[in-house]
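Raw contents of input37.cif, mmCIF, C-alpha atoms and all ligand atoms:
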data_upload
loop_
_atom_site.label_atom_id
_atom_site.label_comp_id
_atom_site.auth_asym_id
_atom_site.auth_seq_id
_atom_site.Cartn_x
_atom_site.Cartn_y
_atom_site.Cartn_z
CA MET A 127 0.00 0.00 0.00
CA LYS A 128 1.36 3.39 -0.95
CA ALA A 129 0.97 5.79 1.95
CA VAL A 130 1.45 9.56 2.06
CA TYR A 131 1.65 11.43 5.36
CA ILE A 132 1.10 15.19 5.40
CA PHE A 133 2.35 17.06 8.46
CA GLY A 134 1.02 20.48 9.49
CA ALA A 135 1.95 22.78 12.37
CA GLY A 136 -0.08 20.73 14.85
CA ALA A 137 2.30 17.78 14.40
CA SER A 138 5.30 19.86 15.48
CA ALA A 139 3.22 21.39 18.28
CA ALA A 140 2.91 17.87 19.69
CA GLU A 141 6.70 17.98 20.25
CA GLY A 142 6.43 21.38 21.95
CA ALA A 143 6.71 23.83 19.02
CA PRO A 144 4.66 27.00 19.41
CA VAL A 145 1.65 27.37 17.16
CA VAL A 146 0.95 30.47 15.06
CA ARG A 147 -1.23 32.18 17.65
CA ASN A 148 1.29 32.06 20.50
CA PHE A 149 4.52 32.24 18.49
CA PHE A 150 5.27 35.92 19.14
CA ARG A 151 4.44 35.59 22.82
CA MET A 152 6.87 32.70 23.27
CA ALA A 153 9.58 34.37 21.17
CA TYR A 154 9.23 37.55 23.26
CA ARG A 155 9.58 35.62 26.46
CA TYR A 156 12.67 33.74 25.24
CA PHE A 157 14.56 36.50 23.44
CA LYS A 158 13.44 39.76 24.97
CA GLU A 159 12.77 38.88 28.58
CA GLU A 160 14.92 35.84 29.38
CA GLN A 161 17.88 36.07 27.02
CA TYR A 162 17.94 39.37 25.17
CA ASP A 163 18.87 39.19 21.49
CA ALA A 164 19.69 42.54 19.90
CA GLY A 165 19.25 41.11 16.38
CA LEU A 166 15.52 40.68 16.99
CA GLU A 167 14.94 44.23 18.24
CA ILE A 168 13.70 45.28 14.79
CA VAL A 169 10.81 42.79 15.08
CA TRP A 170 9.58 44.32 18.33
CA GLU A 171 10.04 47.81 16.87
CA PHE A 172 7.99 46.87 13.79
CA LEU A 173 5.19 45.46 15.94
CA GLU A 174 5.19 48.55 18.16
CA HIS A 175 4.64 50.65 15.02
CA PHE A 176 2.28 48.25 13.29
CA TYR A 177 -0.77 50.36 14.17
CA GLY A 178 0.83 53.70 13.25
CA LYS A 179 2.05 55.71 16.26
CA ARG A 180 4.07 53.71 18.73
CA SER A 181 2.08 51.42 21.03
CA VAL A 182 4.38 50.07 23.72
CA ILE A 183 4.82 46.33 24.12
CA SER A 184 5.83 45.53 27.67
CA SER A 185 5.11 41.82 27.93
CA GLY A 186 4.58 38.77 25.74
CA SER A 187 0.84 38.79 26.33
CA ASP A 188 0.63 42.25 24.68
CA LEU A 189 1.39 40.39 21.44
CA ASP A 190 -1.70 38.20 21.61
CA ARG A 191 -3.81 40.92 19.96
CA TYR A 192 -1.53 41.01 16.90
CA PRO A 193 -1.97 38.90 13.76
CA GLY A 194 -0.06 35.60 13.88
CA ILE A 195 3.57 35.37 12.82
CA ASP A 196 2.62 33.84 9.45
CA GLU A 197 0.45 36.82 8.56
CA ILE A 198 3.09 39.37 9.60
CA PHE A 199 5.66 37.41 7.58
CA ASN A 200 3.28 37.40 4.60
CA ILE A 201 2.75 41.16 4.77
CA VAL A 202 6.49 41.92 4.99
CA ASP A 203 7.22 39.51 2.15
CA TRP A 204 4.54 41.14 0.02
CA TYR A 205 6.27 44.54 0.22
CA LEU A 206 9.65 43.04 -0.61
CA LEU A 207 8.35 41.06 -3.59
CA HIS A 208 6.51 44.13 -4.90
CA ASN A 209 9.28 46.64 -4.23
CA GLN A 210 7.21 48.63 -1.76
CA ALA A 211 7.82 50.25 1.62
CA PHE A 212 5.61 49.80 4.70
CA SER A 213 6.05 53.30 6.19
CA ALA A 214 8.59 56.12 6.49
CA ARG A 215 10.12 54.21 9.39
CA PHE A 216 10.19 50.96 7.46
CA PRO A 217 11.46 51.50 3.90
CA GLN A 218 12.53 48.48 1.81
CA LYS A 219 16.05 48.27 3.21
CA ARG A 220 14.70 47.96 6.75
CA LEU A 221 12.06 45.48 5.60
CA ASP A 222 14.91 43.34 4.27
CA ASP A 223 16.52 43.46 7.72
CA LEU A 224 13.14 42.75 9.29
CA LYS A 225 12.66 39.64 7.14
CA THR A 226 16.11 38.40 8.18
CA ALA A 227 15.15 38.97 11.80
CA LEU A 228 11.79 37.18 11.36
CA VAL A 229 13.51 34.14 9.84
CA LYS A 230 16.00 34.23 12.71
CA LEU A 231 13.15 34.52 15.20
CA ILE A 232 11.32 31.53 13.68
CA SER A 233 14.50 29.46 13.63
CA MET A 234 15.60 30.38 17.17
CA THR A 235 12.15 29.98 18.71
CA LEU A 236 11.69 26.53 17.15
CA ASP A 237 15.19 25.60 18.27
CA ARG A 238 14.47 26.69 21.82
CA SER A 239 11.07 25.02 22.09
CA LEU A 240 11.67 21.71 20.29
CA PRO A 241 13.48 19.00 22.25
CA PRO A 242 16.46 17.50 20.39
CA ASP A 243 15.12 13.95 20.40
CA ASN A 244 11.68 14.65 18.80
CA SER A 245 10.54 11.28 20.11
CA ILE A 246 6.98 11.40 18.76
CA HIS A 247 8.14 11.90 15.18
CA ARG A 248 10.96 9.41 15.57
CA SER A 249 8.77 6.55 16.68
CA PHE A 250 6.13 7.44 14.10
CA VAL A 251 8.60 7.49 11.18
CA LEU A 252 10.27 4.28 12.33
CA ARG A 253 6.94 2.46 12.48
CA ALA A 254 5.75 3.89 9.16
CA LEU A 255 8.97 2.59 7.55
CA GLN A 256 8.85 -0.81 9.23
CA GLU A 257 5.20 -1.63 8.75
CA SER A 258 4.97 -1.13 5.02
CA ARG A 259 6.80 -2.90 2.23
CA GLU A 260 6.54 0.23 0.12
CA VAL A 261 8.46 3.31 1.17
CA PRO A 262 6.01 5.93 2.45
CA THR A 263 6.16 9.58 1.40
CA PHE A 264 6.21 12.44 3.89
CA ILE A 265 4.99 15.92 2.99
CA SER A 266 5.65 18.72 5.46
CA LEU A 267 4.16 22.19 5.61
CA ASN A 268 6.55 23.14 8.41
CA TYR A 269 9.94 24.86 8.28
CA ASP A 270 11.40 22.96 11.21
CA ILE A 271 13.59 19.90 10.66
CA VAL A 272 11.86 17.49 13.03
CA LEU A 273 10.82 15.02 10.30
CA ASP A 274 14.21 15.31 8.58
CA ARG A 275 15.92 14.28 11.81
CA ALA A 276 13.45 11.45 12.41
CA ILE A 277 14.16 10.03 8.92
CA ARG A 278 17.91 10.22 9.54
CA ALA A 279 17.49 8.60 12.96
CA ALA A 280 15.76 5.69 11.22
CA GLY A 281 18.93 5.17 9.16
CA CYS A 282 17.59 6.73 5.96
CA ARG A 283 18.20 9.92 4.02
CA PRO A 284 15.48 12.46 3.22
CA GLU A 285 14.99 12.97 -0.51
CA TYR A 286 13.70 16.53 -0.88
CA GLY A 287 12.68 16.21 -4.52
CA PHE A 288 14.52 19.15 -6.12
CA TYR A 289 15.17 17.06 -9.25
CA GLY A 290 13.47 14.20 -11.08
CA SER A 291 10.09 12.63 -10.60
CA HIS A 292 8.43 11.07 -7.58
CA ARG A 293 9.05 7.60 -9.04
CA ASP A 294 12.81 8.32 -9.20
CA HIS A 295 12.74 9.41 -5.57
CA LEU A 296 11.07 6.18 -4.48
CA GLY A 297 13.52 4.02 -6.41
CA GLN A 298 16.69 4.78 -4.42
CA ALA A 299 17.61 2.46 -1.55
CA GLY A 300 17.81 4.14 1.86
CA GLN A 301 16.04 7.24 0.62
CA VAL A 302 12.69 8.48 1.88
CA PRO A 303 10.81 11.23 0.02
CA LEU A 304 10.25 14.28 2.22
CA TYR A 305 8.63 17.13 0.31
CA LYS A 306 8.64 20.43 2.22
CA LEU A 307 6.26 22.68 0.37
CA HIS A 308 7.04 25.91 2.19
CA GLY A 309 10.79 25.50 2.39
CA SER A 310 13.00 24.46 5.26
CA LEU A 311 15.33 25.96 7.83
CA ASN A 312 18.18 23.77 6.50
CA TRP A 313 17.89 24.85 2.84
CA SER A 314 19.57 27.73 1.07
CA PHE A 315 18.64 29.10 -2.34
CA CYS A 316 21.25 30.62 -4.66
CA PRO A 317 19.81 33.47 -6.75
CA LEU A 318 22.81 33.21 -9.09
CA CYS A 319 22.55 29.59 -10.29
CA GLY A 320 19.01 28.85 -9.05
CA GLU A 321 19.99 25.77 -7.03
CA ILE A 322 18.69 24.88 -3.57
CA ALA A 323 21.36 23.34 -1.33
CA GLU A 324 20.52 21.09 1.60
CA HIS A 325 22.47 21.33 4.84
CA ASN A 326 22.46 18.95 7.79
CA GLU A 327 21.58 21.66 10.26
CA LYS A 328 19.58 24.87 10.27
CA VAL A 329 21.16 27.68 8.24
CA ALA A 330 18.23 30.00 7.51
CA HIS A 331 19.09 32.39 10.35
CA LEU A 332 22.66 32.76 9.00
CA LEU A 333 21.50 33.80 5.54
CA PHE A 334 20.40 37.26 4.32
CA SER A 335 23.02 39.04 6.41
CA GLU A 336 25.83 40.74 4.53
CA ASN A 337 28.55 38.71 6.22
CA SER A 338 26.85 35.35 5.79
CA PRO A 339 29.41 32.54 6.07
CA ILE A 340 27.29 30.35 3.75
CA VAL A 341 28.17 30.25 0.06
CA CYS A 342 26.40 28.31 -2.69
CA MET A 343 27.61 24.70 -2.73
CA ASN A 344 27.03 24.53 -6.48
CA CYS A 345 28.57 27.70 -7.93
CA GLY A 346 30.30 29.27 -4.94
CA GLY A 347 28.11 32.36 -5.26
CA ALA A 348 27.73 34.55 -2.17
CA ASN A 349 24.48 35.59 -0.51
CA PRO A 350 22.33 32.48 -0.70
CA GLN A 351 18.86 33.10 0.69
CA ALA A 352 16.65 31.30 3.15
CA VAL A 353 13.86 29.19 1.66
CA ILE A 354 11.02 30.14 3.98
CA ILE A 355 8.02 30.66 1.79
CA ALA A 356 4.94 32.47 3.01
CA PRO A 357 2.15 30.08 1.95
CA THR A 358 -0.04 32.60 0.14
CA LEU A 359 2.90 34.03 -1.81
CA TYR A 360 4.28 30.73 -3.05
CA LYS A 361 3.50 31.51 -6.68
CA SER A 362 5.48 34.75 -6.56
CA TYR A 363 8.78 33.06 -5.83
CA LYS A 364 9.33 31.28 -9.14
CA ILE A 365 12.01 28.95 -7.78
CA SER A 366 12.00 26.09 -10.26
CA ARG A 367 13.48 23.55 -7.81
CA LEU A 368 10.60 24.27 -5.46
CA GLN A 369 8.15 23.76 -8.30
CA ASN A 370 9.66 20.28 -8.68
CA VAL A 371 9.05 19.66 -4.97
CA TRP A 372 5.37 20.61 -5.40
CA ASP A 373 5.03 18.47 -8.56
CA SER A 374 6.58 15.50 -6.75
CA ALA A 375 4.20 15.95 -3.80
CA CYS A 376 1.28 16.12 -6.21
CA ALA A 377 2.41 12.88 -7.93
CA ALA A 378 2.82 11.13 -4.56
CA ILE A 379 -0.75 12.03 -3.56
CA SER A 380 -2.12 10.96 -6.96
CA GLN A 381 -0.45 7.56 -6.70
CA CYS A 382 -1.21 6.84 -3.05
CA ASP A 383 -3.81 4.43 -1.64
CA ARG A 384 -3.79 6.05 1.77
CA LEU A 385 -3.47 9.72 2.67
CA VAL A 386 -3.02 10.66 6.31
CA VAL A 387 -3.16 14.36 7.24
CA ILE A 388 -1.75 15.17 10.68
CA GLY A 389 -2.18 18.46 12.53
CA TYR A 390 -2.97 20.62 9.54
CA SER A 391 -5.66 23.28 9.92
CA LEU A 392 -6.80 23.39 6.26
CA ASP A 393 -7.17 27.16 6.59
CA PRO A 394 -9.40 28.70 3.87
CA ALA A 395 -6.52 31.08 3.00
CA ASP A 396 -4.28 28.13 2.04
CA THR A 397 -5.71 27.99 -1.46
CA SER A 398 -2.47 26.71 -3.00
CA ILE A 399 -2.48 23.63 -0.75
CA ILE A 400 -6.21 22.92 -1.01
CA ALA A 401 -6.22 23.27 -4.81
CA THR A 402 -3.12 21.06 -5.10
CA LEU A 403 -4.62 18.37 -2.86
CA LYS A 404 -7.95 18.32 -4.70
CA ARG A 405 -6.30 18.19 -8.12
CA ALA A 406 -3.94 15.40 -7.07
CA LEU A 407 -6.84 13.34 -5.69
CA ASN A 408 -8.64 13.64 -9.05
CA ALA A 409 -5.69 12.40 -11.10
CA PRO A 410 -6.92 9.73 -11.14
CA ASP A 411 -10.09 9.72 -9.05
CA LYS A 412 -9.70 6.35 -7.30
CA ASN A 413 -10.63 4.78 -4.02
CA ARG A 414 -8.24 6.06 -1.42
CA GLU A 415 -8.41 6.01 2.30
CA ILE A 416 -8.17 9.55 3.66
CA VAL A 417 -7.46 9.82 7.39
CA VAL A 418 -7.41 13.09 9.31
CA ILE A 419 -5.83 13.47 12.74
CA ASN A 420 -6.67 16.78 14.36
CA PRO A 421 -7.75 17.74 17.87
CA SER A 422 -9.95 20.64 16.77
CA ARG A 423 -13.63 19.92 16.15
CA ARG A 424 -13.91 22.97 13.94
CA THR A 425 -10.98 21.85 11.78
CA CYS A 426 -12.45 18.36 11.50
CA GLY A 427 -15.60 20.00 10.14
CA ARG A 428 -13.47 21.81 7.55
CA TYR A 429 -12.18 18.46 6.28
CA ARG A 430 -15.75 17.25 5.70
CA GLN A 431 -16.40 20.50 3.79
CA ILE A 432 -13.41 19.96 1.51
CA PHE A 433 -13.15 16.15 1.25
CA GLY A 434 -16.72 15.04 1.87
CA ASN A 435 -18.03 12.41 4.24
CA GLY A 436 -15.72 9.69 2.94
CA CYS A 437 -12.72 10.75 5.01
CA LYS A 438 -12.05 9.17 8.37
CA ILE A 439 -11.77 11.79 11.06
CA LYS A 440 -9.89 11.15 14.27
CA CYS A 441 -10.57 14.19 16.41
CA ARG A 442 -7.57 13.97 18.73
CA PRO A 443 -3.99 15.21 19.07
CA PHE A 444 -1.04 13.55 17.35
CA THR A 445 0.73 11.23 19.75
CA GLY A 446 2.96 9.34 17.33
CA GLU A 447 0.79 6.27 16.94
CA LEU A 448 0.54 4.87 13.42
CA PHE A 449 -2.95 5.14 11.97
ZN ZN A 501 24.84 29.02 -6.95
#

Go through the file and emit its structure as structure tokens.
Amino acid sequence: MKAVYIFGAGASAAEGAPVVRNFFRMAYRYFKEEQYDAGLEIVWEFLEHFYGKRSVISSGSDLDRYPGIDEIFNIVDWYLLHNQAFSARFPQKRLDDLKTALVKLISMTLDRSLPPDNSIHRSFVLRALQESREVPTFISLNYDIVLDRAIRAAGCRPEYGFYGSHRDHLGQAGQVPLYKLHGSLNWSFCPLCGEIAEHNEKVAHLLFSENSPIVCMNCGGANPQAVIIAPTLYKSYKISRLQNVWDSACAAISQCDRLVVIGYSLDPADTSIIATLKRALNAPDKNREIVVINPSRRTCGRYRQIFGNGCKIKCRPFTGELF
């Protein structure tokens, strides 16, 4: 049986990662209150001026009224991609610095909150690999490298799908397809040759800055960029290697007999994901088992809206058990 597992933010949250709505609060506590990081000051300054005149932020809970980190990231990215400024205080150059700081904040906050062993993912991946004769495919919507580490811990290598087709990715011994649709903290993109390089550890927070120690592994070009893609702006990036990742994910879903979606909110704004999923499931339209694991009743209702009554809903948190 060909199985595809899709992991959303809720899966990483099971290991202790913050979710969108409390991300800023946790980051503030870690890197403003407990262990001050000057490089993130621009984030707090931007948020203090988000509503126009300065509104003081004096504790993490003050950040609960703000949009989530993904939306702030989206808005900043929009200006950069469209060559626009946010305000007199935040012209493009500062927005560039702000994006660097936001990537750093995401990377550092995940690093601080996720335990190094990621035991839930580890045991899940190990069982998924052991219990099926066919190599399963993992699709992640998260930037963290929890699944990547779990695949390595199982003695395999993640195949990110930058080149070739899904069938090629399945054919290599010791390789497990892991398609990360929104990028990854351990990838760097070279704007000179267009290649994405994979690194063993997180590098995203080292990129962007003028003195970045990372150079392109393919052409030696300086200034590789982080591959952290705001979901709604995916189409604007035009990174062809990433297009291959999406195509491979689409092929994996089309060919699978069993699709398991773990901890993904299926937000109505995620049109690119929803449209991709629906299209893949229609090519061809065959009998597949669709299983949803999500603790939110409201989200479970969303799945019925999008996938109909045929999908099996397990309204509970992800604990690592194989479904
Ligand atoms: Zn290059």

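Between atom CA of Ala375 of chain A and atom CA of Val261 of chain A the interatomic distance comes to 14.2 Å.
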
Have a look at A:Leu231, A:Val146, A:Leu224, A:Val130 and name the one nearest to Leu407 of chain A; count only C-alpha atoms.
A:Val130

Please list as a PDB file with C-alpha atoms, in the frame of the given file every residue within 12 Å of Lys158 of chain A, counting all atoms listed in the file and excluding residues in the same chain fewer than 2 positions away.
ATOM      1  CA  PHE A 150       5.270  35.920  19.140  1.00  0.00           C
ATOM      2  CA  ARG A 151       4.440  35.590  22.820  1.00  0.00           C
ATOM      3  CA  MET A 152       6.870  32.700  23.270  1.00  0.00           C
ATOM      4  CA  ALA A 153       9.580  34.370  21.170  1.00  0.00           C
ATOM      5  CA  TYR A 154       9.230  37.550  23.260  1.00  0.00           C
ATOM      6  CA  ARG A 155       9.580  35.620  26.460  1.00  0.00           C
ATOM      7  CA  TYR A 156      12.670  33.740  25.240  1.00  0.00           C
ATOM      8  CA  GLU A 160      14.920  35.840  29.380  1.00  0.00           C
ATOM      9  CA  GLN A 161      17.880  36.070  27.020  1.00  0.00           C
ATOM     10  CA  TYR A 162      17.940  39.370  25.170  1.00  0.00           C
ATOM     11  CA  ASP A 163      18.870  39.190  21.490  1.00  0.00           C
ATOM     12  CA  ALA A 164      19.690  42.540  19.900  1.00  0.00           C
ATOM     13  CA  GLY A 165      19.250  41.110  16.380  1.00  0.00           C
ATOM     14  CA  LEU A 166      15.520  40.680  16.990  1.00  0.00           C
ATOM     15  CA  GLU A 167      14.940  44.230  18.240  1.00  0.00           C
ATOM     16  CA  ILE A 168      13.700  45.280  14.790  1.00  0.00           C
ATOM     17  CA  VAL A 169      10.810  42.790  15.080  1.00  0.00           C
ATOM     18  CA  TRP A 170       9.580  44.320  18.330  1.00  0.00           C
ATOM     19  CA  GLU A 171      10.040  47.810  16.870  1.00  0.00           C
ATOM     20  CA  ILE A 183       4.820  46.330  24.120  1.00  0.00           C
ATOM     21  CA  SER A 184       5.830  45.530  27.670  1.00  0.00           C
ATOM     22  CA  SER A 185       5.110  41.820  27.930  1.00  0.00           C
ATOM     23  CA  GLY A 186       4.580  38.770  25.740  1.00  0.00           C
ATOM     24  CA  LEU A 231      13.150  34.520  15.200  1.00  0.00           C
ATOM     25  CA  THR A 235      12.150  29.980  18.710  1.00  0.00           C
TER      26      THR A 235
END

Between atom CA of His247 of chain A and atom CA of His308 of chain A, what distance in Å does the model show, to one decimal?
19.1 Å

7 Å from ligand ZN 501 (chain A) is the threshold here; counting all atoms listed in the file, which polymer residues fall inside it? Answer as a PyMOL selection string.
chain A and resi 316-321+342-347

Per residue of segment 232-306 of chain A within 12 Å of segment 189-204 of chain A, record the nearest atom pair and its distance in Å to one decimal, counting all atoms listed in the file, with rows in chain order and ascending residue number, as a Markdown table.
| residue | atom | partner | partner_atom | distance |
| --- | --- | --- | --- | --- |
| A:Ile232 | CA | A:Ile195 | CA | 8.7 |
| A:Thr235 | CA | A:Ile195 | CA | 11.7 |
| A:Asn268 | CA | A:Asp196 | CA | 11.4 |
| A:Tyr269 | CA | A:Asp196 | CA | 11.6 |

Residues at most 8 Å from Ala280 of chain A, counting all atoms listed in the file, excluding those fewer than 4 positions away in the same chain, as number ranges by chain?
A: 248, 251-252, 276

Using all atoms of segment 130-134 of chain A listed in the file and a margin of 4 Å per side, can you give the axis-aligned box centre and edge lengths in Å to one decimal, as JSON?
{"center_x": 1.7, "center_y": 15.0, "center_z": 5.8, "size_x": 9.3, "size_y": 18.9, "size_z": 15.4}

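Residue nearest Val417 of chain A within the list A:Arg442, A:Arg405, A:Arg275, A:Arg384: A:Arg384 [criterion: smallest interatomic distance, all atoms listed in the file].
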
Between A:Gly287, A:Gly427, A:Pro410, A:Gly300, which one has atoms that come closest to Arg367 of chain A, using all atoms listed in the file?
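Selected residue with least distance to Arg367 of chain A: A:Gly287.
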
I'd like the interatomic distance between atom CA of Asp393 of chain A and atom CA of Pro443 of chain A, to a tenth of an Å.
17.6 Å

Might you pull out every residue within 9 Å of Gln369 of chain A, with all atoms listed in the file counted and same-chain residues fewer than 4 positions away left off, and present them as a VMD selection string?
chain A and resid 288 307 364 to 365 373 to 374

From the options A:Glu260, A:Glu141, A:Asp411, A:Glu447, which residue's atoms come nearest to Leu240 of chain A, counting all atoms listed in the file?
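Counting all atoms listed in the file, the residue closest to Leu240 of chain A is A:Glu141.
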
So that I can see what lies close to His331 of chain A, please list as a VMD selection string the residues with an atom at most 7 Å from it, counting all atoms listed in the file and leaving out residues fewer than 3 positions away in the same chain.
chain A and resid 229 to 230 233

Do you know which residues are at most 10 Å from Tyr289 of chain A counting all atoms listed in the file, after dropping those on the same chain fewer than 2 positions away, and could you put them as a ChimeraX atom specification?
/A:285-287,291-292,294-295,366-371,374

For Leu359 of chain A, which residue out of A:Ile388, A:Ala406, A:Gln256, A:His208 is the nearest one, using all atoms listed in the file?
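Closest to Leu359 of chain A, using all atoms listed in the file: A:His208.
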
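Distances from A:Ala299, A:Ala330, A:Leu448, A:Leu228 to Ile271 of chain A were compared using only C-alpha atoms, and the smallest one belongs to A:Ala330.
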